[in-house]
file work30.tsv (TSV, C-alpha atoms and all ligand atoms)
chain	number	residue	atom	x	y	z
L	1	MET	CA	3.23	10.25	7.81
L	2	SER	CA	3.78	6.60	8.54
L	3	LEU	CA	2.29	4.27	11.08
L	4	THR	CA	2.36	0.61	12.01
L	5	ILE	CA	-0.57	-1.77	11.93
L	6	TYR	CA	-0.49	-5.14	13.70
L	7	ARG	CA	-2.19	-8.48	13.30
L	8	LYS	CA	-1.92	-11.11	16.03
L	9	ALA	CA	-1.94	-14.84	15.41
L	10	HIS	CA	-1.34	-18.01	17.33
L	11	PHE	CA	-0.10	-21.53	16.77
L	12	ASN	CA	0.75	-24.56	18.89
L	13	ALA	CA	3.74	-26.57	17.82
L	14	ALA	CA	6.17	-29.17	19.11
L	15	HIS	CA	9.92	-29.02	18.81
L	16	ARG	CA	13.22	-30.31	20.07
L	17	LEU	CA	16.38	-28.21	20.26
L	18	TYR	CA	19.47	-30.33	19.77
L	19	ARG	CA	22.53	-31.01	17.71
L	20	GLU	CA	22.61	-34.53	16.37
L	21	GLU	CA	26.37	-34.88	16.80
L	22	TRP	CA	26.15	-34.01	20.51
L	23	SER	CA	25.34	-36.48	23.30
L	24	ASP	CA	21.97	-36.27	25.05
L	25	ASP	CA	23.84	-34.96	28.12
L	26	ARG	CA	25.49	-32.16	26.21
L	27	ASN	CA	22.20	-31.26	24.51
L	28	LEU	CA	20.49	-31.17	27.90
L	29	GLU	CA	23.25	-28.95	29.27
L	30	VAL	CA	22.98	-26.44	26.40
L	31	PHE	CA	19.28	-26.53	25.53
L	32	GLY	CA	17.76	-27.56	28.87
L	33	LYS	CA	14.23	-28.91	28.82
L	34	CYS	CA	13.87	-27.91	25.16
L	35	SER	CA	16.24	-30.78	24.27
L	36	ASN	CA	13.81	-33.46	25.52
L	37	PRO	CA	14.31	-36.30	22.98
L	38	ASN	CA	10.56	-36.95	22.91
L	39	PHE	CA	9.71	-33.36	21.93
L	40	HIS	CA	7.39	-30.94	23.77
L	41	GLY	CA	5.06	-28.13	22.81
L	42	HIS	CA	4.79	-24.38	23.06
L	43	ASN	CA	1.92	-21.98	22.55
L	44	TYR	CA	3.46	-19.50	20.14
L	45	GLU	CA	1.98	-16.01	19.94
L	46	LEU	CA	2.80	-13.99	16.85
L	47	GLU	CA	2.50	-10.28	16.21
L	48	VAL	CA	3.06	-9.10	12.66
L	49	GLY	CA	3.58	-5.37	12.18
L	50	LEU	CA	3.50	-3.50	8.88
L	51	THR	CA	4.80	0.05	8.72
L	52	GLY	CA	3.84	2.25	5.81
L	53	THR	CA	1.62	5.07	4.71
L	54	ILE	CA	-2.16	5.24	4.50
L	55	ASP	CA	-3.86	4.89	1.14
L	56	PRO	CA	-5.82	8.17	0.87
L	57	GLU	CA	-8.63	6.49	-1.08
L	58	THR	CA	-9.38	3.72	1.44
L	59	GLY	CA	-7.89	5.06	4.66
L	60	TYR	CA	-6.16	1.69	5.00
L	61	LEU	CA	-2.48	0.93	5.37
L	62	ILE	CA	-3.37	-2.59	4.23
L	63	ASP	CA	-6.64	-4.50	4.15
L	64	LEU	CA	-6.33	-6.55	7.35
L	65	LYS	CA	-8.32	-9.36	5.75
L	66	LEU	CA	-5.47	-9.74	3.25
L	67	LEU	CA	-2.84	-9.76	6.02
L	68	LYS	CA	-4.91	-12.28	8.00
L	69	ASP	CA	-5.11	-14.60	4.98
L	70	ILE	CA	-1.36	-14.37	4.29
L	71	ILE	CA	-0.53	-15.21	7.93
L	72	ARG	CA	-2.96	-18.12	7.86
L	73	GLU	CA	-1.46	-19.55	4.65
L	74	GLU	CA	2.21	-18.97	5.48
L	75	VAL	CA	2.26	-19.62	9.25
L	76	GLU	CA	-0.88	-21.06	10.82
L	77	GLU	CA	-1.63	-23.76	8.27
L	78	PRO	CA	1.96	-25.05	7.90
L	79	PHE	CA	2.94	-24.75	11.61
L	80	ASP	CA	-0.14	-25.20	13.82
L	81	HIS	CA	-0.27	-28.57	15.62
L	82	LYS	CA	2.88	-29.69	13.83
L	83	ASN	CA	6.17	-31.10	15.00
L	84	LEU	CA	8.47	-28.41	13.63
L	85	ASN	CA	11.56	-30.64	13.45
L	86	VAL	CA	9.78	-33.47	11.67
L	87	GLU	CA	6.96	-31.92	9.66
L	88	VAL	CA	8.11	-28.45	8.62
L	89	PRO	CA	10.79	-28.59	5.90
L	90	GLU	CA	12.40	-25.27	6.89
L	91	PHE	CA	13.53	-26.92	10.16
L	92	ALA	CA	14.83	-30.19	8.74
L	93	ASN	CA	18.36	-28.82	9.21
L	94	LEU	CA	17.71	-25.73	11.33
L	95	ASN	CA	17.22	-25.73	15.10
L	96	PRO	CA	13.64	-24.49	15.73
L	97	THR	CA	14.59	-21.91	18.35
L	98	VAL	CA	12.28	-18.96	18.76
L	99	GLU	CA	14.96	-16.90	16.98
L	100	ASN	CA	15.04	-19.15	13.92
L	101	ILE	CA	11.25	-19.57	13.81
L	102	ALA	CA	10.85	-15.77	13.76
L	103	ILE	CA	13.32	-15.48	10.87
L	104	VAL	CA	11.58	-18.23	8.88
L	105	ILE	CA	8.21	-16.52	9.44
L	106	TYR	CA	9.66	-13.15	8.43
L	107	ASN	CA	11.08	-14.57	5.19
L	108	LYS	CA	7.83	-16.32	4.29
L	109	LEU	CA	5.72	-13.21	4.92
L	110	ARG	CA	8.21	-10.84	3.29
L	111	GLN	CA	7.84	-12.49	-0.09
L	112	ARG	CA	4.04	-12.11	0.05
L	113	LEU	CA	3.97	-8.43	1.01
L	114	ASP	CA	4.48	-5.20	-0.88
L	115	PRO	CA	8.18	-4.27	-0.54
L	116	GLY	CA	7.07	-0.74	0.38
L	117	PHE	CA	6.04	-1.97	3.83
L	118	LYS	CA	8.55	-2.40	6.65
L	119	LEU	CA	7.82	-5.76	8.27
L	120	THR	CA	8.21	-6.54	11.97
L	121	VAL	CA	7.80	-10.07	13.33
L	122	LYS	CA	7.42	-10.47	17.08
L	123	LEU	CA	7.22	-14.08	18.24
L	124	TYR	CA	6.52	-15.25	21.80
L	125	GLU	CA	7.58	-18.77	22.75
L	126	THR	CA	6.35	-18.24	26.31
L	127	PRO	CA	4.61	-15.23	27.84
L	128	ARG	CA	8.03	-13.97	28.97
L	129	ASN	CA	10.35	-15.09	26.15
L	130	PHE	CA	10.06	-13.49	22.75
L	131	VAL	CA	12.07	-12.11	19.85
L	132	VAL	CA	11.58	-9.28	17.40
L	133	TYR	CA	12.98	-9.52	13.88
L	134	THR	CA	12.86	-6.75	11.31
L	135	GLY	CA	15.08	-8.19	8.62
L	136	ASP	CA	18.27	-6.33	9.60
P	201	NI	NI	10.99	-25.68	23.82
call {"tool": "encode", "arguments": {"input": "work30.tsv", "output": "structure tokens"}}
result
Amino acid sequence: MSLTIYRKAHFNAAHRLYREEWSDDRNLEVFGKCSNPNFHGHNYELEVGLTGTIDPETGYLIDLKLLKDIIREEVEEPFDHKNLNVEVPEFANLNPTVENIAIVIYNKLRQRLDPGFKLTVKLYETPRNFVVYTGD
């Protein structure tokens, strides 16, 4: 029997989507308002799911305090109130789209978690725009 447990988290961050070799006009055409040269912010909402089996001794799939601490260390502390393009090394040469941010978060969390768990990262950039990444 397997089930999935979730922990929600939140961070605010600024970004700009652009390609340096493109003109501002072309960037605006492709990336819209997210290409604003002076950056802008989003309120990112994160849902981290772990699928596995329950430990019969504790009744836990994972101690949620442990998952909370890992998310804080790997996501909230490095990303919250940061300019992703400028201050987060993973995005020095990677466009901080919601897709790429979800993959970066997945890879950071994956290396901290027991490989026996299936990991699901759901990341909302706005209440209506979000991605789900499961490592496939
Ligand atoms: Ni944006």
call {"tool": "closest_residue", "arguments": {"input": "work30.tsv", "among": "L:Gly135, L:Pro56, L:Pro96, L:Pro78", "to": "ligand NI 201 (chain P)", "atoms": "all atoms listed in the file"}}
result
L:Pro96
call {"tool": "closest_residue", "arguments": {"input": "work30.tsv", "among": "L:Asp114, L:Asp80, L:Asp25, L:Asp63", "to": "Ala13 in chain L", "atoms": "only C-alpha atoms"}}
result
L:Asp80
call {"tool": "residues_around", "arguments": {"input": "work30.tsv", "residues": "Thr4 in chain L", "least_positions_apart": "5", "cutoff": "8 Å", "atoms": "all atoms listed in the file", "output": "ChimeraX atom specification"}}
result
/L:49-52
call {"tool": "closest_residue", "arguments": {"input": "work30.tsv", "among": "L:Phe79, L:Phe39, L:Tyr124, L:Tyr106", "to": "ligand NI 201 (chain P)", "atoms": "only C-alpha atoms and all ligand atoms"}}
result
L:Phe39
call {"tool": "residues_near_ligand", "arguments": {"input": "work30.tsv", "ligand": "ligand NI 201 (chain P)", "cutoff": "7 Å", "atoms": "only C-alpha atoms and all ligand atoms", "output": "list in words"}}
result
His15, Arg16, Leu17, Lys33, Cys34, His40, Gly41 and His42 of chain L
call {"tool": "closest_residue", "arguments": {"input": "work30.tsv", "among": "L:Leu46, L:Glu20, L:Val75, L:Phe11", "to": "Asn93 in chain L", "atoms": "only C-alpha atoms"}}
result
L:Glu20
call {"tool": "residues_around", "arguments": {"input": "work30.tsv", "residues": "Glu90 in chain L", "least_positions_apart": "6", "cutoff": "10 Å", "atoms": "only C-alpha atoms", "output": "ChimeraX atom specification"}}
result
/L:84,96,100-101,104
call {"tool": "closest_residue", "arguments": {"input": "work30.tsv", "among": "L:Leu109, L:Leu94, L:Ala102, L:Leu3", "to": "Ile71 in chain L", "atoms": "all atoms listed in the file"}}
result
L:Leu109
call {"tool": "residues_around", "arguments": {"input": "work30.tsv", "residues": "Val132 in chain L", "least_positions_apart": "3", "cutoff": "8 Å", "atoms": "all atoms listed in the file", "output": "list of chain:residue names"}}
result
L:Ala102, L:Thr120, L:Val121, L:Lys122, L:Leu123
call {"tool": "axis_aligned_box", "arguments": {"input": "work30.tsv", "around": "range 69-83 of chain L", "padding_each_side": "8 Å", "output": "lines of an AutoDock Vina configuration file"}}
result
center_x = 0.5
center_y = -22.7
center_z = 10.0
size_x = 27.3
size_y = 32.7
size_z = 27.3
